[in-house]
>>> print(open('protein-v9.csv').read())   # CSV, C-alpha atoms
chain,number,residue,atom,x,y,z
A,707,MET,CA,34.6,32.4,77.4
A,708,HIS,CA,31.6,31.8,75.4
A,709,SER,CA,31.9,29.1,72.8
A,710,SER,CA,30.2,31.1,70.1
A,711,GLY,CA,32.7,33.9,70.7
A,712,GLN,CA,30.0,36.5,70.5
A,713,PRO,CA,30.1,39.9,72.2
A,714,GLY,CA,27.9,40.5,75.2
A,715,VAL,CA,29.4,37.7,77.2
A,716,TYR,CA,31.6,40.0,79.3
A,717,SER,CA,30.2,42.9,81.3
A,718,ALA,CA,33.6,44.5,80.9
A,719,TYR,CA,35.9,43.9,77.9
A,720,PRO,CA,39.7,44.5,77.8
A,721,THR,CA,41.0,47.2,75.5
A,722,ILE,CA,44.3,47.8,73.8
A,723,ARG,CA,45.7,49.4,76.9
A,724,GLY,CA,43.8,47.5,79.6
A,725,ARG,CA,44.9,44.4,81.4
A,726,LEU,CA,42.7,41.3,81.0
A,727,PRO,CA,40.4,41.1,84.0
A,728,LEU,CA,40.5,38.0,86.2
A,729,ASN,CA,37.5,38.4,88.3
A,730,SER,CA,34.7,36.0,87.3
A,731,ASP,CA,32.0,38.7,87.9
A,732,VAL,CA,33.8,40.8,85.3
A,733,ARG,CA,34.9,38.1,83.0
A,734,PRO,CA,32.6,35.1,83.2
A,735,ARG,CA,33.6,32.1,81.2
A,736,GLU,CA,31.3,29.5,79.7
A,737,MET,CA,33.3,26.6,78.5
A,738,ALA,CA,33.0,25.6,74.8
A,739,ILE,CA,32.4,22.0,75.8
A,740,GLU,CA,30.4,21.6,79.0
A,741,TYR,CA,29.5,17.9,78.8
A,742,ASP,CA,31.4,14.7,78.2
A,743,VAL,CA,28.2,13.3,76.7
A,744,ALA,CA,24.6,14.4,75.9
A,745,ILE,CA,21.7,12.0,75.7
A,746,SER,CA,19.1,12.6,73.1
A,747,PHE,CA,15.9,10.6,73.5
A,748,ALA,CA,12.1,10.6,73.3
A,749,GLY,CA,10.1,10.9,76.4
A,750,GLU,CA,8.6,7.4,75.9
A,751,ASP,CA,12.2,6.0,76.2
A,752,ARG,CA,12.9,7.9,79.4
A,753,SER,CA,13.4,4.8,81.6
A,754,TYR,CA,16.3,3.6,79.5
A,755,ALA,CA,17.7,7.2,79.2
A,756,GLU,CA,17.5,7.7,83.0
A,757,ALA,CA,19.3,4.5,83.8
A,758,LEU,CA,22.0,5.3,81.3
A,759,ALA,CA,22.4,8.9,82.6
A,760,ASP,CA,22.6,7.6,86.2
A,761,PHE,CA,25.3,5.1,85.4
A,762,LEU,CA,27.3,7.5,83.4
A,763,ALA,CA,27.2,10.3,86.0
A,764,ASN,CA,27.3,8.4,89.3
A,765,GLU,CA,29.2,5.3,88.5
A,766,PHE,CA,31.6,6.5,85.8
A,767,GLY,CA,31.8,10.2,86.8
A,768,LEU,CA,31.1,11.8,83.5
A,769,ALA,CA,29.6,15.2,82.9
A,770,VAL,CA,26.3,14.2,81.4
A,771,PHE,CA,23.5,16.3,79.8
A,772,TYR,CA,20.2,14.6,80.8
A,773,ASP,CA,17.3,16.9,81.0
A,774,ASP,CA,16.2,15.9,84.5
A,775,PHE,CA,19.7,16.7,85.8
A,776,GLU,CA,19.3,20.3,84.5
A,777,GLN,CA,15.8,21.3,85.5
A,778,ALA,CA,16.8,24.4,87.4
A,779,ARG,CA,19.2,25.5,84.6
A,780,LEU,CA,16.6,24.9,81.9
A,781,PHE,CA,13.8,26.5,83.8
A,782,GLY,CA,12.6,29.7,82.0
A,783,THR,CA,15.0,29.4,79.1
A,784,PHE,CA,14.1,29.3,75.4
A,785,LEU,CA,14.3,25.5,75.5
A,786,LEU,CA,14.7,24.8,71.8
A,787,GLU,CA,17.6,27.3,71.4
A,788,LYS,CA,19.3,25.8,74.5
A,789,LEU,CA,18.9,22.2,73.3
A,790,VAL,CA,20.3,23.1,69.8
A,791,ALA,CA,23.4,24.6,71.4
A,792,ILE,CA,23.9,21.6,73.7
A,793,TYR,CA,23.6,18.9,71.0
A,794,ARG,CA,25.5,20.9,68.4
A,795,ASP,CA,28.2,22.6,70.4
A,796,LYS,CA,28.4,21.8,74.1
A,797,SER,CA,29.0,18.1,74.3
A,798,GLN,CA,31.9,16.0,73.4
A,799,TYR,CA,29.8,13.1,72.3
A,800,CYS,CA,26.1,12.5,71.8
A,801,VAL,CA,24.3,9.3,72.6
A,802,VAL,CA,21.1,9.0,70.5
A,803,LEU,CA,18.4,6.5,71.7
A,804,VAL,CA,16.9,5.6,68.3
A,805,SER,CA,13.3,4.6,68.3
A,806,GLN,CA,10.0,5.2,66.4
A,807,HIS,CA,9.1,7.7,69.1
A,808,TYR,CA,12.5,9.5,68.6
A,809,LYS,CA,11.9,9.7,64.8
A,810,ASP,CA,8.3,11.1,65.3
A,811,LYS,CA,8.8,13.8,68.0
A,812,ARG,CA,9.3,17.4,67.0
A,813,TYR,CA,11.9,18.2,69.7
A,814,THR,CA,13.9,15.1,69.0
A,815,ARG,CA,14.0,16.0,65.3
A,816,HIS,CA,15.6,19.3,66.2
A,817,GLU,CA,18.0,17.6,68.5
A,818,TRP,CA,18.9,15.1,65.8
A,819,ARG,CA,19.5,17.8,63.2
A,820,SER,CA,21.8,19.7,65.7
A,821,ALA,CA,23.8,16.6,66.4
A,822,GLN,CA,24.0,15.8,62.7
A,823,GLU,CA,25.4,19.3,62.1
A,824,ARG,CA,28.1,18.7,64.6
A,825,ALA,CA,29.0,15.3,63.2
A,826,PHE,CA,29.2,16.9,59.7
A,827,ARG,CA,31.4,19.6,61.0
A,828,GLU,CA,33.8,17.1,62.6
A,829,PRO,CA,33.8,14.2,60.1
A,830,ASP,CA,36.9,12.5,61.6
A,831,LYS,CA,35.3,12.2,65.0
A,832,ASP,CA,32.8,9.6,66.2
A,833,TYR,CA,30.4,12.2,67.6
A,834,LEU,CA,27.2,10.2,67.2
A,835,LEU,CA,26.9,7.1,69.4
A,836,PRO,CA,23.6,5.5,68.4
A,837,VAL,CA,21.7,3.0,70.7
A,838,ARG,CA,18.8,1.3,68.9
A,839,LEU,CA,15.7,0.6,71.0
A,840,ASP,CA,13.9,-0.8,68.0
A,841,ASP,CA,14.5,-1.2,64.2
A,842,THR,CA,13.4,2.3,63.2
A,843,GLU,CA,15.3,3.8,60.3
A,844,LEU,CA,16.4,7.3,61.3
A,845,PRO,CA,16.9,9.6,58.4
A,846,GLY,CA,20.5,10.7,58.2
A,847,LEU,CA,21.8,7.8,60.3
A,848,PHE,CA,24.0,5.9,57.9
A,849,GLU,CA,24.0,2.1,58.0
A,850,THR,CA,27.8,2.2,58.1
A,851,ILE,CA,27.7,3.8,61.6
A,852,SER,CA,28.2,1.2,64.3
A,853,TYR,CA,25.5,1.1,66.9
A,854,ILE,CA,24.6,-0.8,70.1
A,855,ASP,CA,21.4,-2.8,70.3
A,856,GLY,CA,19.7,-1.4,73.3
A,857,THR,CA,17.1,-4.2,73.2
A,858,LYS,CA,19.8,-6.7,74.1
A,859,THR,CA,22.3,-4.5,76.0
A,860,ALA,CA,21.7,-3.3,79.5
A,861,ALA,CA,22.0,0.4,80.3
A,862,ARG,CA,25.0,-0.2,82.5
A,863,THR,CA,26.9,-2.0,79.8
A,864,VAL,CA,26.1,0.8,77.4
A,865,ALA,CA,27.4,3.3,80.0
A,866,ARG,CA,30.6,1.4,80.4
A,867,LEU,CA,31.1,1.4,76.6
A,868,VAL,CA,30.5,5.1,76.4
A,869,TYR,CA,32.9,5.7,79.3
A,870,GLU,CA,35.6,3.7,77.4
A,871,LYS,CA,34.9,6.0,74.4
A,872,VAL,CA,35.1,9.3,76.2
A,873,GLY,CA,37.2,8.6,79.2
A,874,ASP,CA,40.4,10.3,78.0
A,875,PHE,CA,38.5,13.4,77.0
A,876,SER,CA,36.8,13.5,80.4
A,877,LYS,CA,40.2,13.6,82.1
A,878,ILE,CA,41.3,16.5,79.9
A,879,SER,CA,38.1,18.4,80.5
A,880,ALA,CA,38.6,18.1,84.3
A,881,ARG,CA,42.1,19.5,83.9
A,882,VAL,CA,40.9,22.4,81.8
A,883,ARG,CA,38.2,23.3,84.3
A,884,LEU,CA,40.7,23.3,87.1
A,885,ALA,CA,43.0,25.6,85.1
A,886,ASP,CA,40.1,27.9,84.4
A,887,GLN,CA,39.3,28.0,88.1
A,888,LYS,CA,42.9,28.8,89.0
A,889,TYR,CA,43.0,31.6,86.4
A,890,ARG,CA,39.9,33.2,87.9
A,891,GLU,CA,41.4,32.9,91.4
A,892,GLY,CA,44.4,34.8,90.2
A,893,LEU,CA,46.7,31.8,90.2
A,894,VAL,CA,47.7,32.5,86.6
A,895,ALA,CA,51.1,30.6,86.6
A,896,ASP,CA,49.4,27.5,88.0
A,897,ALA,CA,46.7,27.7,85.4
A,898,LEU,CA,49.2,28.1,82.6
A,899,GLU,CA,51.2,25.1,83.8
A,900,ILE,CA,48.1,22.9,83.3
A,901,VAL,CA,47.1,24.2,79.9
A,902,ARG,CA,50.6,24.4,78.5
A,903,ASP,CA,50.7,20.6,78.2
A,904,LYS,CA,50.8,19.5,74.5
A,905,GLN,CA,48.1,17.0,75.2
A,906,VAL,CA,45.6,19.8,75.2
A,907,ASP,CA,46.9,21.6,72.1
A,908,HIS,CA,43.7,20.8,70.2
A,909,ASN,CA,41.2,21.5,73.0
A,910,ILE,CA,39.6,24.9,72.4
A,911,ASP,CA,38.8,25.5,76.0
A,912,ALA,CA,42.4,24.8,77.0
A,913,LEU,CA,43.6,27.2,74.2
A,914,ARG,CA,41.3,29.9,75.5
A,915,VAL,CA,42.7,29.6,79.0
A,916,ARG,CA,46.2,29.5,77.6
A,917,ALA,CA,45.6,32.7,75.6
A,918,ASP,CA,44.1,34.4,78.7
A,919,CYS,CA,47.1,33.4,80.9
A,920,TYR,CA,49.7,34.5,78.4
A,921,GLY,CA,47.8,37.7,77.7
A,922,TYR,CA,47.5,38.5,81.4
A,923,LEU,CA,51.3,37.9,81.8
A,924,GLY,CA,52.0,40.2,78.9
A,925,ASP,CA,53.4,37.4,76.6
A,926,ASN,CA,51.6,38.6,73.5
A,927,VAL,CA,53.4,36.2,71.1
A,928,ASN,CA,52.2,33.1,72.9
A,929,ALA,CA,48.8,34.5,73.5
A,930,LEU,CA,48.4,35.0,69.8
A,931,ALA,CA,49.7,31.5,69.1
A,932,ALA,CA,46.9,30.1,71.2
A,933,LEU,CA,44.3,32.3,69.6
A,934,ASN,CA,45.5,31.4,66.1
A,935,ALA,CA,45.2,27.7,67.0
A,936,ILE,CA,41.5,28.4,68.0
A,937,LEU,CA,40.9,30.3,64.7
A,938,ALA,CA,42.4,27.4,62.7
A,939,GLN,CA,39.4,25.4,64.1
A,940,ARG,CA,36.8,28.2,64.2
A,941,PRO,CA,37.7,30.9,61.7
A,942,ARG,CA,34.7,33.1,62.6
A,943,ASP,CA,35.2,33.1,66.4
A,944,PHE,CA,34.4,36.7,67.4
A,945,LEU,CA,36.2,36.6,70.7
A,946,SER,CA,39.4,35.1,69.3
A,947,HIS,CA,39.6,37.8,66.6
A,948,PHE,CA,38.8,40.5,69.2
A,949,LEU,CA,41.6,39.4,71.5
A,950,ALA,CA,44.0,38.8,68.7
A,951,GLY,CA,43.4,42.4,67.7
A,952,ILE,CA,44.5,43.5,71.1
A,953,PHE,CA,47.5,41.3,71.4
A,954,SER,CA,48.7,42.0,67.9
A,955,PHE,CA,48.6,45.7,68.7
A,956,ARG,CA,50.6,45.2,71.9
A,957,ALA,CA,53.1,43.1,69.9
A,958,GLY,CA,53.5,45.9,67.4
A,959,ASP,CA,51.9,44.1,64.5
A,960,PHE,CA,49.4,46.8,63.6
A,961,ALA,CA,48.4,45.2,60.3
A,962,ALA,CA,47.4,42.0,62.0
A,963,SER,CA,45.6,44.1,64.7
A,964,VAL,CA,43.6,45.9,62.1
A,965,ARG,CA,42.8,42.7,60.2
A,966,HIS,CA,41.6,40.9,63.4
A,967,TYR,CA,39.5,43.9,64.5
A,968,GLU,CA,37.9,44.3,61.1
A,969,THR,CA,37.1,40.6,61.0
A,970,ALA,CA,35.6,40.7,64.4
A,971,ASP,CA,33.5,43.8,63.4
A,972,ALA,CA,32.3,42.0,60.3
A,973,ILE,CA,31.2,39.0,62.4
A,974,SER,CA,29.3,41.2,64.9
A,975,PRO,CA,29.2,44.9,63.9
A,976,GLY,CA,29.2,47.8,66.3
A,977,HIS,CA,31.1,46.5,69.4
A,978,PRO,CA,32.1,49.7,71.4
A,979,THR,CA,35.6,48.5,72.1
A,980,ILE,CA,36.4,47.8,68.5
A,981,LYS,CA,34.9,51.2,67.6
A,982,SER,CA,37.3,52.9,69.9
A,983,ASP,CA,40.4,50.7,69.4
A,984,LEU,CA,40.3,50.1,65.6
A,985,PRO,CA,41.1,53.8,64.8
A,986,LEU,CA,44.1,53.5,67.1
A,987,ALA,CA,45.4,50.5,65.2
A,988,LEU,CA,44.8,52.2,61.9
A,989,ALA,CA,46.7,55.3,63.1
A,990,LYS,CA,49.7,53.2,64.1
A,991,LEU,CA,49.6,51.3,60.8
A,992,ALA,CA,49.6,54.6,59.0
A,993,GLY,CA,52.7,55.7,61.0
A,994,ARG,CA,50.9,58.4,63.0
A,995,ASP,CA,51.6,59.1,66.6
A,996,ASP,CA,48.0,59.8,67.7
A,997,ALA,CA,47.4,56.2,68.9
>>> encode(input="protein-v9.csv", output="structure tokens")
Amino acid sequence: MHSSGQPGVYSAYPTIRGRLPLNSDVRPREMAIEYDVAISFAGEDRSYAEALADFLANEFGLAVFYDDFEQARLFGTFLLEKLVAIYRDKSQYCVVLVSQHYKDKRYTRHEWRSAQERAFREPDKDYLLPVRLDDTELPGLFETISYIDGTKTAARTVARLVYEKVGDFSKISARVRLADQKYREGLVADALEIVRDKQVDHNIDALRVRADCYGYLGDNVNALAALNAILAQRPRDFLSHFLAGIFSFRAGDFAASVRHYETADAISPGHPTIKSDLPLALAKLAGRDDA
């Protein structure tokens, strides 16, 4: 599923009466969090960034966003939009290589603002992991945030410290990716066994897979519980409201179905499935039999 929860991610959407599709060609999924850590840096500091990325990925086994690792994927994309999404939404942590070059560059300013937005959104989490390559004061980087002095600390040591910070999440991410793969292969019970663990109760990607599994198995109550857990973290997630509209209808809670469909439509108006299914939910809510 797409992290933004916007329509257009699926080439075929489920409906009130349709079963959730499993096939990845019909129901592609883009995980909300794709990287354990993203590295934000200026081109002049690439040698340090490259060494850090290499240690993180190849020695410590983390999923790292480093631009040279992603050349094919970034090729032809609207780069600024892609980078904003990565530094704001797609990484669990962000390592920022602070320098005068970083402060001055246009692209790094956009990356920094995106990372700041994420840090502001999750104030209880240490999202920003600054590594200072000189004594530049970066606007918005509070003096109270602990940093590593990159002029005195080798890239491998920084990589080890980052790994110690994100290691537990990395293990959870690997489990969720495995569950997602099993779901798309049709091994729904196996996928559910992985994401039913309470350790992943606050992981949005795990909750998405959990909702899909329960929904596919016809357990609307537990599917809704997973979707509501997502909405507690992301109240305007289109896809969660959309699916909650379906599962609420199937569970016989037509008022909730209408509410979720109307919220989804307000977030992104005109979706064809909502256009066809919302009147059915309204009819049921009114006690009519034409649904």
>>> atom_distance(input="protein-v9.csv", atom1="atom CA of A:Ser954", atom2="atom CA of A:Tyr889")
22.0 Å
>>> residues_around(input="protein-v9.csv", residues="A:Glu740", least_positions_apart="5", cutoff="9 Å", atoms="all atoms listed in the file", output="list of chain:residue names")
A:Ala769, A:Val770, A:Phe771, A:Ile792, A:Asp795, A:Lys796, A:Ser797, A:Gln798, A:Ser879
>>> write_last_selection(input="protein-v9.csv", atoms="C-alpha atoms", output="short mmCIF file (atom, residue, chain, number, x, y, z; two decimals), in the frame of the given file")
data_model
loop_
_atom_site.label_atom_id
_atom_site.label_comp_id
_atom_site.auth_asym_id
_atom_site.auth_seq_id
_atom_site.Cartn_x
_atom_site.Cartn_y
_atom_site.Cartn_z
CA ALA A 769 29.60 15.20 82.90
CA VAL A 770 26.30 14.20 81.40
CA PHE A 771 23.50 16.30 79.80
CA ILE A 792 23.90 21.60 73.70
CA ASP A 795 28.20 22.60 70.40
CA LYS A 796 28.40 21.80 74.10
CA SER A 797 29.00 18.10 74.30
CA GLN A 798 31.90 16.00 73.40
CA SER A 879 38.10 18.40 80.50
#
>>> residues_around(input="protein-v9.csv", residues="A:Asp810", least_positions_apart="4", cutoff="10 Å", atoms="only C-alpha atoms", output="ChimeraX atom specification")
/A:748,805-806,814-815,844
>>> atom_distance(input="protein-v9.csv", atom1="atom CA of A:Ala970", atom2="atom CA of A:Tyr793")
25.7 Å
>>> residues_around(input="protein-v9.csv", residues="stretch 772-787 of chain A", least_positions_apart="2", cutoff="6 Å", atoms="only C-alpha atoms", output="mmCIF file with C-alpha atoms, in the coordinates of the input")
data_model
loop_
_atom_site.group_PDB
_atom_site.id
_atom_site.type_symbol
_atom_site.label_atom_id
_atom_site.label_comp_id
_atom_site.auth_asym_id
_atom_site.auth_seq_id
_atom_site.Cartn_x
_atom_site.Cartn_y
_atom_site.Cartn_z
ATOM 1 C CA ILE A 745 21.700 12.000 75.700
ATOM 2 C CA LEU A 789 18.900 22.200 73.300
ATOM 3 C CA VAL A 790 20.300 23.100 69.800
#
>>> atom_distance(input="protein-v9.csv", atom1="atom CA of A:Arg862", atom2="atom CA of A:Leu884")
28.6 Å
